[in-house]
$ cat target-v6.txt   # compact mmCIF, C-alpha atoms and all ligand atoms
# COMPACT_ATOMS: atom_id res chain seq x y z
CA MET W 188 -5.32 -5.41 3.13
CA SER W 189 -3.23 -7.97 4.90
CA ASN W 190 0.24 -9.17 4.14
CA THR W 191 -0.02 -12.94 3.73
CA GLU W 192 3.71 -13.33 3.25
CA VAL W 193 6.02 -13.86 6.13
CA ALA W 194 9.33 -13.01 4.54
CA PRO W 195 10.11 -10.87 1.51
CA GLN W 196 11.38 -12.84 -1.44
CA GLU W 197 13.78 -12.22 -4.26
CA ILE W 198 13.41 -10.82 -7.78
CA LEU W 199 14.23 -7.40 -9.04
CA CYS W 200 15.94 -6.06 -12.09
CA GLU W 201 15.00 -7.63 -15.40
CA THR W 202 18.71 -7.96 -16.08
CA ASP W 203 21.30 -9.58 -13.84
CA GLY W 204 23.48 -6.51 -13.61
CA PRO W 205 22.64 -3.09 -12.29
CA CYS W 206 19.78 -1.53 -14.26
CA ALA W 207 20.68 1.47 -16.33
CA GLY W 208 19.37 4.52 -14.45
CA VAL W 209 15.92 3.11 -13.84
CA GLU W 210 15.59 0.05 -11.61
CA LEU W 211 12.76 -2.30 -12.57
CA LEU W 212 10.92 -4.05 -9.76
CA VAL W 213 9.08 -7.11 -11.08
CA PRO W 214 5.91 -8.27 -9.25
CA ARG W 215 5.39 -11.61 -7.62
CA GLN W 216 1.95 -13.22 -7.31
CA VAL W 217 0.72 -13.54 -3.75
CA PRO W 218 -2.66 -15.01 -2.73
CA LEU W 219 -4.48 -12.49 -0.57
CA GLY W 220 -5.75 -14.29 2.50
CA GLY W 221 -4.98 -17.86 1.50
CA PRO W 222 -6.31 -20.36 -1.07
CA ARG W 223 -9.46 -19.56 -3.06
CA ALA W 224 -8.67 -15.89 -2.61
CA MET W 225 -7.74 -13.37 -5.27
CA ASP W 226 -4.08 -12.96 -6.22
CA VAL W 227 -2.23 -9.68 -5.93
CA ARG W 228 0.94 -8.53 -7.68
CA ARG W 229 3.41 -7.38 -5.04
CA THR W 230 6.21 -5.08 -6.18
CA LEU W 231 7.29 -3.73 -2.79
CA PRO W 232 9.07 -4.69 -0.58
CA GLN W 233 11.72 -6.71 -2.38
CA ARG W 234 14.99 -8.10 -1.10
CA GLN W 235 16.94 -5.33 -2.79
CA ARG W 236 14.49 -2.52 -2.12
CA SER W 237 12.43 -2.03 1.02
CA LEU W 238 11.36 1.58 0.65
CA ILE W 239 10.63 4.29 -1.91
CA GLY W 240 10.50 7.39 0.25
CA ALA W 241 8.38 6.12 3.15
CA TRP W 242 6.35 3.82 0.85
CA CYS W 243 7.03 0.30 2.12
CA PHE W 244 4.46 -1.94 0.42
CA LEU W 245 2.65 -2.07 -2.92
CA ASP W 246 -0.02 -4.62 -3.86
CA HIS W 247 -1.60 -4.26 -7.30
CA TYR W 248 -4.58 -6.38 -8.35
CA GLY W 249 -7.05 -6.98 -11.14
CA PRO W 250 -8.93 -6.40 -13.26
CA ASP W 251 -10.33 -9.35 -11.39
CA GLN W 252 -13.62 -11.07 -12.24
CA VAL W 253 -15.05 -11.26 -8.76
CA GLY W 254 -17.40 -14.08 -9.78
CA ASP W 255 -14.34 -16.25 -10.45
CA SER W 256 -11.92 -15.09 -7.77
CA GLY W 257 -14.29 -14.40 -4.92
CA GLY W 258 -13.04 -10.82 -4.82
CA MET W 259 -11.46 -9.23 -1.78
CA LYS W 260 -12.32 -10.93 1.49
CA VAL W 261 -9.91 -9.81 4.15
CA PRO W 262 -11.35 -10.25 7.65
CA ARG W 263 -10.28 -8.16 10.61
CA HIS W 264 -6.50 -7.95 10.98
CA PRO W 265 -4.13 -5.57 12.76
CA HIS W 266 -1.62 -2.90 11.72
CA THR W 267 0.94 -0.79 13.56
CA GLY W 268 3.33 1.98 12.60
CA LEU W 269 2.03 2.54 9.07
CA GLN W 270 -0.64 4.16 6.91
CA THR W 271 -2.60 2.15 4.35
CA VAL W 272 -3.46 3.91 1.11
CA SER W 273 -6.25 2.35 -0.97
CA TRP W 274 -6.77 3.40 -4.58
CA LEU W 275 -9.25 1.72 -6.92
CA PHE W 276 -9.68 1.83 -10.70
CA THR W 277 -12.85 -0.33 -10.76
CA GLY W 278 -15.16 -1.82 -8.14
CA GLU W 279 -15.88 -0.97 -4.54
CA ILE W 280 -14.57 -2.14 -1.16
CA GLU W 281 -16.18 -1.80 2.24
CA HIS W 282 -13.75 -0.78 4.97
CA GLN W 283 -14.40 -1.02 8.70
CA ASP W 284 -11.91 -0.33 11.48
CA SER W 285 -11.40 -0.25 15.24
CA ALA W 286 -11.07 3.54 15.27
CA GLY W 287 -14.77 3.68 14.43
CA PHE W 288 -14.58 4.38 10.70
CA HIS W 289 -16.82 2.63 8.21
CA ALA W 290 -16.19 3.74 4.65
CA ALA W 291 -16.58 2.82 1.01
CA VAL W 292 -13.44 2.72 -1.12
CA ARG W 293 -14.37 3.85 -4.63
CA PRO W 294 -12.48 4.55 -7.87
CA GLY W 295 -10.78 7.94 -7.92
CA GLU W 296 -11.10 8.43 -4.16
CA VAL W 297 -8.25 7.79 -1.75
CA ASN W 298 -8.84 6.16 1.61
CA LEU W 299 -5.94 6.57 3.98
CA MET W 300 -5.93 4.71 7.27
CA THR W 301 -3.30 5.73 9.82
CA ALA W 302 -2.58 2.80 12.11
CA GLY W 303 -0.31 4.76 14.45
CA ARG W 304 0.06 2.80 17.69
CA GLY W 305 -2.42 0.18 16.51
CA ILE W 306 -5.63 -0.43 14.60
CA SER W 307 -7.53 -3.37 13.14
CA HIS W 308 -9.65 -3.32 10.01
CA SER W 309 -11.55 -5.50 7.54
CA GLU W 310 -11.85 -5.08 3.77
CA PHE W 311 -14.49 -6.76 1.62
CA SER W 312 -15.42 -6.07 -1.99
CA THR W 313 -19.10 -5.14 -2.06
CA PRO W 314 -21.78 -7.58 -3.35
CA ASP W 315 -22.42 -5.33 -6.39
CA THR W 316 -18.77 -5.41 -7.48
CA THR W 317 -18.23 -7.58 -10.56
CA VAL W 318 -14.73 -6.35 -11.47
CA LEU W 319 -12.14 -5.34 -8.89
CA HIS W 320 -9.04 -3.46 -9.97
CA GLY W 321 -6.76 -1.29 -7.90
CA ALA W 322 -3.85 -1.04 -5.53
CA GLN W 323 -3.11 -0.90 -1.86
CA LEU W 324 0.05 0.72 -0.61
CA TRP W 325 1.53 1.20 2.83
CA VAL W 326 3.53 4.14 4.13
CA ALA W 327 5.89 3.63 7.07
CA LEU W 328 5.34 6.26 9.75
CA PRO W 329 8.47 8.03 11.00
CA ASP W 330 9.49 7.44 14.60
CA THR W 331 7.99 10.79 15.61
CA ALA W 332 4.49 9.76 14.44
CA ARG W 333 4.30 6.01 14.80
CA HIS W 334 2.77 6.01 18.29
CA MET W 335 -0.05 8.42 17.40
CA ALA W 336 -3.73 7.56 17.80
CA PRO W 337 -5.20 5.75 14.78
CA THR W 338 -7.31 7.72 12.32
CA PHE W 339 -8.77 7.66 8.83
CA GLU W 340 -9.09 10.17 5.97
CA HIS W 341 -10.94 10.16 2.68
CA TYR W 342 -10.34 12.48 -0.28
CA ARG W 343 -11.55 12.68 -3.86
CA PRO W 344 -9.01 14.67 -5.87
CA GLU W 345 -10.32 16.86 -8.66
CA PRO W 346 -8.80 15.55 -11.91
CA VAL W 347 -6.27 17.86 -13.59
CA SER W 348 -6.01 17.57 -17.38
CA GLY W 349 -3.84 18.74 -20.22
CA SER W 350 -3.24 17.72 -23.81
CA GLY W 351 -3.48 13.93 -23.84
CA TRP W 352 -3.27 13.45 -20.07
CA THR W 353 -5.31 13.46 -16.87
CA MET W 354 -3.98 13.13 -13.34
CA ARG W 355 -5.42 12.69 -9.88
CA VAL W 356 -3.07 13.73 -7.09
CA PHE W 357 -4.18 11.93 -3.93
CA LEU W 358 -1.12 12.60 -1.74
CA GLY W 359 1.30 15.52 -1.80
CA ALA W 360 1.53 17.96 -4.70
CA LEU W 361 2.13 17.69 -8.44
CA SER W 362 1.47 19.97 -11.41
CA GLY W 363 -0.34 22.51 -9.23
CA SER W 364 -2.69 19.97 -7.64
CA VAL W 365 -2.31 19.67 -3.86
CA SER W 366 -3.84 16.95 -1.67
CA PRO W 367 -4.98 17.90 1.84
CA VAL W 368 -4.48 14.34 3.13
CA THR W 369 -2.12 14.14 6.12
CA THR W 370 1.32 12.64 5.66
CA HIS W 371 4.09 12.56 8.25
CA THR W 372 7.01 12.68 5.82
CA PRO W 373 7.04 14.46 2.43
CA LEU W 374 5.19 12.13 0.03
CA LEU W 375 3.62 12.01 -3.41
CA GLY W 376 0.88 9.76 -4.80
CA ALA W 377 -0.92 10.27 -8.12
CA GLU W 378 -2.76 8.39 -10.85
CA ILE W 379 -1.79 9.51 -14.36
CA LEU W 380 -3.67 8.62 -17.54
CA LEU W 381 -1.89 9.16 -20.85
CA ASP W 382 -3.43 8.95 -24.30
CA ALA W 383 -1.59 7.00 -27.00
CA GLY W 384 1.62 8.74 -28.06
CA THR W 385 1.48 11.38 -25.33
CA GLU W 386 4.73 12.69 -23.88
CA LEU W 387 4.42 14.40 -20.50
CA THR W 388 7.25 15.97 -18.52
CA LEU W 389 6.50 16.32 -14.82
CA GLU W 390 8.31 18.73 -12.54
CA THR W 391 9.29 16.56 -9.59
CA ASP W 392 11.05 17.16 -6.29
CA ALA W 393 14.72 16.24 -6.71
CA SER W 394 14.94 15.36 -3.01
CA PHE W 395 12.38 12.57 -3.55
CA GLU W 396 12.83 8.98 -4.65
CA HIS W 397 10.09 7.99 -7.13
CA GLY W 398 8.31 4.86 -8.24
CA LEU W 399 6.11 4.40 -11.32
CA LEU W 400 3.74 1.43 -11.47
CA VAL W 401 2.38 0.69 -14.93
CA ASP W 402 -1.20 -0.51 -14.53
CA SER W 403 -2.04 -0.71 -18.23
CA GLY W 404 -0.63 0.11 -21.63
CA THR W 405 2.98 0.77 -22.49
CA LEU W 406 5.21 3.39 -20.93
CA ALA W 407 8.72 4.73 -21.07
CA VAL W 408 10.15 6.90 -18.31
CA ASP W 409 13.18 8.99 -19.25
CA GLY W 410 13.53 6.71 -22.28
CA GLN W 411 13.47 3.45 -20.31
CA PRO W 412 10.59 1.10 -21.21
CA VAL W 413 8.61 -0.14 -18.21
CA ALA W 414 6.41 -3.19 -18.76
CA LYS W 415 2.84 -3.45 -17.49
CA ASP W 416 2.66 -4.43 -13.81
CA ASN W 417 6.30 -3.49 -13.19
CA LEU W 418 7.39 -0.77 -10.79
CA ALA W 419 10.19 1.49 -12.00
CA TYR W 420 12.36 2.98 -9.26
CA LEU W 421 14.13 6.31 -9.71
CA PRO W 422 16.59 7.48 -7.04
CA VAL W 423 16.78 11.01 -5.65
CA GLY W 424 18.06 13.70 -8.01
CA HIS W 425 15.29 13.75 -10.62
CA GLY W 426 13.93 17.30 -10.91
CA SER W 427 11.74 16.12 -13.77
CA LEU W 428 10.40 12.87 -15.18
CA THR W 429 9.43 12.46 -18.80
CA LEU W 430 6.71 9.90 -19.46
CA PHE W 431 5.88 8.61 -22.91
CA ALA W 432 2.89 6.38 -23.64
CA GLY W 433 2.91 3.88 -26.50
CA SER W 434 0.11 3.08 -28.92
CA ASP W 435 -2.20 1.75 -26.20
CA GLY W 436 -1.88 4.78 -23.97
CA ALA W 437 -1.03 4.11 -20.33
CA ARG W 438 -2.35 4.32 -16.83
CA VAL W 439 0.32 4.65 -14.13
CA LEU W 440 0.58 5.25 -10.41
CA LEU W 441 3.36 7.64 -9.44
CA ILE W 442 4.64 7.45 -5.88
CA GLY W 443 7.47 9.38 -4.32
CA GLY W 444 8.89 10.73 -1.13
CA GLU W 445 11.94 11.87 0.77
CA PRO W 446 14.03 8.88 1.83
CA LEU W 447 12.71 7.82 5.25
CA GLY W 448 16.19 7.77 6.74
CA GLU W 449 15.15 5.22 9.39
CA LYS W 450 15.53 1.46 9.52
CA ILE W 451 12.21 -0.30 9.97
CA VAL W 452 11.35 -3.81 11.10
CA MET W 453 8.45 -5.09 9.04
CA TRP W 454 6.71 -8.42 9.61
CA TRP W 455 3.21 -9.54 8.59
CA ASN W 456 1.06 -6.43 9.08
CA PHE W 457 3.26 -4.69 11.61
CA VAL W 458 5.91 -2.00 11.20
CA GLY W 459 8.14 -1.37 14.21
CA ARG W 460 11.75 -0.66 15.03
CA SER W 461 12.88 -3.86 16.72
CA HIS W 462 12.28 -7.60 16.77
CA GLU W 463 11.06 -7.30 20.35
CA GLU W 464 8.43 -4.73 19.38
CA ILE W 465 7.07 -7.02 16.66
CA VAL W 466 6.93 -9.97 19.08
CA ALA W 467 4.96 -7.81 21.53
CA TYR W 468 2.55 -6.55 18.84
CA ARG W 469 1.90 -10.13 17.74
CA ALA W 470 1.31 -11.33 21.31
CA GLN W 471 -1.09 -8.49 21.98
CA TRP W 472 -3.06 -9.14 18.79
CA GLN W 473 -3.36 -12.85 19.58
CA SER W 474 -4.46 -12.01 23.09
CA GLU W 475 -7.05 -9.48 21.94
CA ILE W 476 -8.65 -11.78 19.37
CA GLY W 477 -8.58 -14.61 21.88
CA ALA W 478 -10.57 -12.40 24.20
CA ASP W 479 -13.06 -11.74 21.39
CA ALA W 480 -13.54 -15.45 20.78
CA GLY W 481 -13.96 -16.16 24.50
CA THR W 482 -16.69 -13.75 25.40
CA GLY W 483 -18.02 -12.34 22.18
CA ASP W 484 -17.77 -8.75 23.33
CA ALA W 485 -14.62 -8.60 25.44
CA ALA W 486 -13.18 -6.07 22.96
CA GLY W 487 -15.93 -3.61 23.78
CA GLY W 488 -14.41 -0.56 25.31
CA ALA W 489 -11.48 -1.67 27.45
CA PRO W 490 -9.19 1.38 27.28
CA ASP W 491 -5.87 -0.48 26.97
CA LEU W 492 -6.74 -2.36 23.78
CA ARG W 493 -4.27 -1.63 21.00
CA PHE W 494 -6.38 -3.13 18.20
CA GLY W 495 -9.94 -2.74 19.39
CA PRO W 496 -12.78 -2.46 19.94
CA PHE W 497 -14.21 -3.81 16.71
CA PRO W 498 -17.86 -4.02 15.62
CA PRO W 499 -19.19 -7.52 16.31
CA GLY W 500 -20.80 -9.79 13.75
CA GLY W 501 -18.14 -10.10 11.05
CA PRO W 502 -16.08 -13.15 10.13
CA ALA W 503 -13.43 -14.31 12.61
CA ALA W 504 -10.30 -12.18 12.88
CA LEU W 505 -7.12 -13.34 11.13
CA PRO W 506 -4.66 -14.89 13.58
CA ALA W 507 -1.00 -13.97 13.13
CA PRO W 508 1.30 -16.52 11.52
CA ALA W 509 4.07 -18.10 13.59
CA LEU W 510 7.11 -15.95 14.15
CA PRO W 511 10.26 -16.88 12.23
CA ASN W 512 12.97 -18.71 14.15
CA ALA W 513 15.51 -16.02 13.35
CA ARG W 514 15.39 -12.45 14.56
CA ILE W 515 13.58 -10.13 12.14
CA ARG W 516 16.14 -7.85 10.57
CA PRO W 517 15.81 -4.09 10.23
CA ARG W 518 15.42 -2.96 6.62
CA GLY W 519 15.78 0.28 4.74
MN MN E 601 -4.82 -4.18 6.05

$ encode --input "target-v6.txt" --output "structure tokens"
Amino acid sequence: MSNTEVAPQEILCETDGPCAGVELLVPRQVPLGGPRAMDVRRTLPQRQRSLIGAWCFLDHYGPDQVGDSGGMKVPRHPHTGLQTVSWLFTGEIEHQDSAGFHAAVRPGEVNLMTAGRGISHSEFSTPDTTVLHGAQLWVALPDTARHMAPTFEHYRPEPVSGSGWTMRVFLGALSGSVSPVTTHTPLLGAEILLDAGTELTLETDASFEHGLLVDSGTLAVDGQPVAKDNLAYLPVGHGSLTLFAGSDGARVLLIGGEPLGEKIVMWWNFVGRSHEEIVAYRAQWQSEIGADAGTGDAAGGAPDLRFGPFPPGGPAALPAPALPNARIRPRG
């Protein structure tokens, strides 16, 4: 997925004042890849909150009638310094990247792409997909890992169930379920399904910040109602979280992690540590896709390419937007 926004915008708590205990992050609608493209609901980053643990981006979409919206059509675009985490509820997406991975993203299976020093990828909903519904999240890599070689992992967690609930832990550990997927800071990611009227208390790591995205139904966390499509933020210090589903049941995504403890500079699809780094990433991307356009196969195999090579034949790569006039500020 590609960030079509240039600068984070406002919006946050439902109330004007500080939220009581639980901070509610309200989504804004963003067209994914320009006009005639599907809309996503972006809850992270926001002006007042850049990170939850190392999670730095959350796009939530659907259920989307692909026949109306055109589905997901994100041509080749670059990333640096982050991992993308794709999680679907319905539909299927075809992923292809410059590290040589070609994969299907399917419901209940996590696809994690580590950009490291640089990668480019494309994401298209498959022709058979009629309804597309899911989320894409980004994780900022810590300074110690952000220059690593790009890679890709896939994992289908075995569902864990109890009375009135089912969960799929795709990153980290929760309720005895442990994901083998590689993270570079302590992280948690899980889908939780609750039947109507179910109360579930989760043992959580008190050193983590947590976020709860309500995909469907009605939910309260520690007594605080969280509306559908909102992301509830809980600061460090919660050794447990009590979820309660209303009469429609609920499906939620739970994310968490140790505070990153580093300031990041985030612009378009790049995460770095300085304005100058971002400017250089952008220049290199523009140069590499210019080379593609010039010769058709110039990306094939040159060892110093940050974002290539990329399989030929797909739609044209996405050029980067213009840089802002001001310096890009560190966040977090
Ligand atoms: Mn992407």

$ residues_near_ligand --input "target-v6.txt" --ligand "ligand MN 601 (chain E)" --cutoff "8 Å" --atoms "all atoms listed in the file" --output "list in words"
Met188, Ser189, Asn190, Val261, His264, Pro265, His266, Thr271, Ser307, His308, Ser309, Glu310 and Asn456 of chain W

$ residues_around --input "target-v6.txt" --residues "Val253 of chain W" --least-positions-apart "5" --cutoff "6 Å" --atoms "only C-alpha atoms" --output "list in words"
Gly258, Thr317 and Val318 of chain W

$ closest_residue --input "target-v6.txt" --among "W:Met259, W:Val209, W:Leu430, W:Ala322" --to "Trp274 of chain W" --atoms "all atoms listed in the file"
W:Ala322

$ atom_distance --input "target-v6.txt" --atom1 "atom CA of Met335 of chain W" --atom2 "atom CA of Leu231 of chain W"
24.7 Å

$ residues_around --input "target-v6.txt" --residues "Val365 of chain W" --least-positions-apart "4" --cutoff "10 Å" --atoms "all atoms listed in the file" --output "NGL selection string"
:W and (344-345 or 355-361 or 375)

$ closest_residue --input "target-v6.txt" --among "W:Gln411, W:Ser273, W:Ser285, W:Ser256" --to "Gly376 of chain W" --atoms "all atoms listed in the file"
W:Ser273

$ closest_residue --input "target-v6.txt" --among "W:Gly404, W:Pro329, W:Pro502, W:Pro367" --to "Gly459 of chain W" --atoms "all atoms listed in the file"
W:Pro329

$ atom_distance --input "target-v6.txt" --atom1 "atom CA of Arg518 of chain W" --atom2 "atom CA of Glu463 of chain W"
15.0 Å

$ closest_residue --input "target-v6.txt" --among "W:Pro496, W:Gly305, W:Pro422, W:Pro446" --to "Arg469 of chain W" --atoms "all atoms listed in the file"
W:Gly305

$ atom_distance --input "target-v6.txt" --atom1 "atom CA of Trp455 of chain W" --atom2 "atom CA of Leu374 of chain W"
23.4 Å

$ closest_residue --input "target-v6.txt" --among "W:Leu381, W:Leu324, W:Val423, W:Ala286" --to "Asn298 of chain W" --atoms "only C-alpha atoms"
W:Leu324

$ closest_atom_pairs --input "target-v6.txt" --of "segment 272-371 of chain W" --to "segment 232-245 of chain W" --cutoff "8 Å" --atoms "all atoms listed in the file" --output "CSV"
residue,atom,partner,partner_atom,distance
W:Ala322,CA,W:Leu245,CA,7.1
W:Gln323,CA,W:Leu245,CA,6.0
W:Leu324,CA,W:Leu245,CA,4.5
W:Trp325,CA,W:Phe244,CA,4.9
W:Val326,CA,W:Trp242,CA,4.3
W:Ala327,CA,W:Ala241,CA,5.3
W:Leu328,CA,W:Ala241,CA,7.3

$ closest_residue --input "target-v6.txt" --among "W:Gly426, W:Pro373, W:Pro506, W:Pro412" --to "Gly443 of chain W" --atoms "only C-alpha atoms"
W:Pro373

$ residues_around --input "target-v6.txt" --residues "Thr277 of chain W" --least-positions-apart "4" --cutoff "12 Å" --atoms "only C-alpha atoms" --output "list of chain:residue names"
W:Tyr248, W:Gly249, W:Pro250, W:Asp251, W:Gln252, W:Val253, W:Val292, W:Arg293, W:Pro294, W:Gly295, W:Glu296, W:Ser312, W:Thr313, W:Asp315, W:Thr316, W:Thr317, W:Val318, W:Leu319, W:His320, W:Gly321, W:Ala322

$ residues_around --input "target-v6.txt" --residues "Leu510 of chain W" --least-positions-apart "5" --cutoff "9 Å" --atoms "only C-alpha atoms" --output "PyMOL selection string"
chain W and resi 193+454+466+469+515

$ decode --input "target-v6.txt" --residues "segment 324-333 of chain W" --atoms "all heavy atoms" --output "tab-separated table (two decimals), in the first residue's frame"
chain	number	residue	atom	x	y	z
W	324	LEU	N	-0.92	-2.10	7.82
W	324	LEU	CA	-0.23	-1.35	8.86
W	324	LEU	C	1.26	-1.31	8.52
W	324	LEU	O	1.77	-2.18	7.83
W	324	LEU	CB	-0.41	-2.03	10.23
W	324	LEU	CG	-1.86	-2.27	10.67
W	324	LEU	CD1	-2.32	-3.67	10.32
W	324	LEU	CD2	-1.98	-2.03	12.17
W	325	TRP	N	1.93	-0.28	9.04
W	325	TRP	CA	3.37	-0.20	8.90
W	325	TRP	C	4.00	-0.17	10.29
W	325	TRP	O	3.44	0.39	11.24
W	325	TRP	CB	3.80	1.08	8.19
W	325	TRP	CG	3.30	1.24	6.79
W	325	TRP	CD1	2.63	0.32	6.02
W	325	TRP	CD2	3.43	2.41	5.96
W	325	TRP	NE1	2.35	0.84	4.78
W	325	TRP	CE2	2.83	2.13	4.72
W	325	TRP	CE3	4.00	3.68	6.16
W	325	TRP	CZ2	2.77	3.06	3.68
W	325	TRP	CZ3	3.95	4.61	5.13
W	325	TRP	CH2	3.34	4.29	3.90
W	326	VAL	N	5.16	-0.78	10.36
W	326	VAL	CA	5.97	-0.79	11.58
W	326	VAL	C	7.29	-0.08	11.26
W	326	VAL	O	7.96	-0.44	10.28
W	326	VAL	CB	6.28	-2.25	12.00
W	326	VAL	CG1	7.28	-2.29	13.13
W	326	VAL	CG2	4.99	-2.99	12.37
W	327	ALA	N	7.65	0.92	12.05
W	327	ALA	CA	8.94	1.59	11.85
W	327	ALA	C	10.05	0.68	12.37
W	327	ALA	O	9.95	0.13	13.48
W	327	ALA	CB	8.95	2.91	12.61
W	328	LEU	N	11.08	0.50	11.56
W	328	LEU	CA	12.22	-0.30	12.01
W	328	LEU	C	13.11	0.55	12.91
W	328	LEU	O	13.31	1.74	12.65
W	328	LEU	CB	13.04	-0.79	10.81
W	328	LEU	CG	12.36	-1.87	9.95
W	328	LEU	CD1	13.12	-2.06	8.64
W	328	LEU	CD2	12.28	-3.19	10.72
W	329	PRO	N	13.66	-0.04	13.97
W	329	PRO	CA	14.58	0.72	14.82
W	329	PRO	C	15.87	1.00	14.06
W	329	PRO	O	16.15	0.35	13.04
W	329	PRO	CB	14.82	-0.23	16.00
W	329	PRO	CG	14.63	-1.60	15.42
W	329	PRO	CD	13.54	-1.45	14.38
W	330	ASP	N	16.65	1.95	14.55
W	330	ASP	CA	17.86	2.35	13.84
W	330	ASP	C	18.78	1.16	13.58
W	330	ASP	O	19.44	1.10	12.55
W	330	ASP	CB	18.58	3.43	14.65
W	330	ASP	CG	19.61	4.16	13.82
W	330	ASP	OD1	19.29	4.51	12.66
W	330	ASP	OD2	20.74	4.36	14.31
W	331	THR	N	18.79	0.20	14.49
W	331	THR	CA	19.70	-0.94	14.37
W	331	THR	C	19.31	-1.88	13.22
W	331	THR	O	20.11	-2.70	12.80
W	331	THR	CB	19.69	-1.77	15.67
W	331	THR	OG1	18.32	-2.03	16.01
W	331	THR	CG2	20.36	-1.02	16.80
W	332	ALA	N	18.07	-1.80	12.73
W	332	ALA	CA	17.60	-2.74	11.70
W	332	ALA	C	17.22	-2.06	10.40
W	332	ALA	O	16.97	-2.75	9.40
W	332	ALA	CB	16.40	-3.52	12.22
W	333	ARG	N	17.19	-0.75	10.36
W	333	ARG	CA	16.55	-0.09	9.22
W	333	ARG	C	17.38	-0.14	7.94
W	333	ARG	O	16.86	0.18	6.87
W	333	ARG	CB	16.14	1.34	9.58
W	333	ARG	CG	17.27	2.30	9.78
W	333	ARG	CD	16.78	3.59	10.40
W	333	ARG	NE	17.85	4.57	10.50
W	333	ARG	CZ	18.06	5.54	9.61
W	333	ARG	NH1	17.27	5.65	8.56
W	333	ARG	NH2	19.05	6.39	9.76
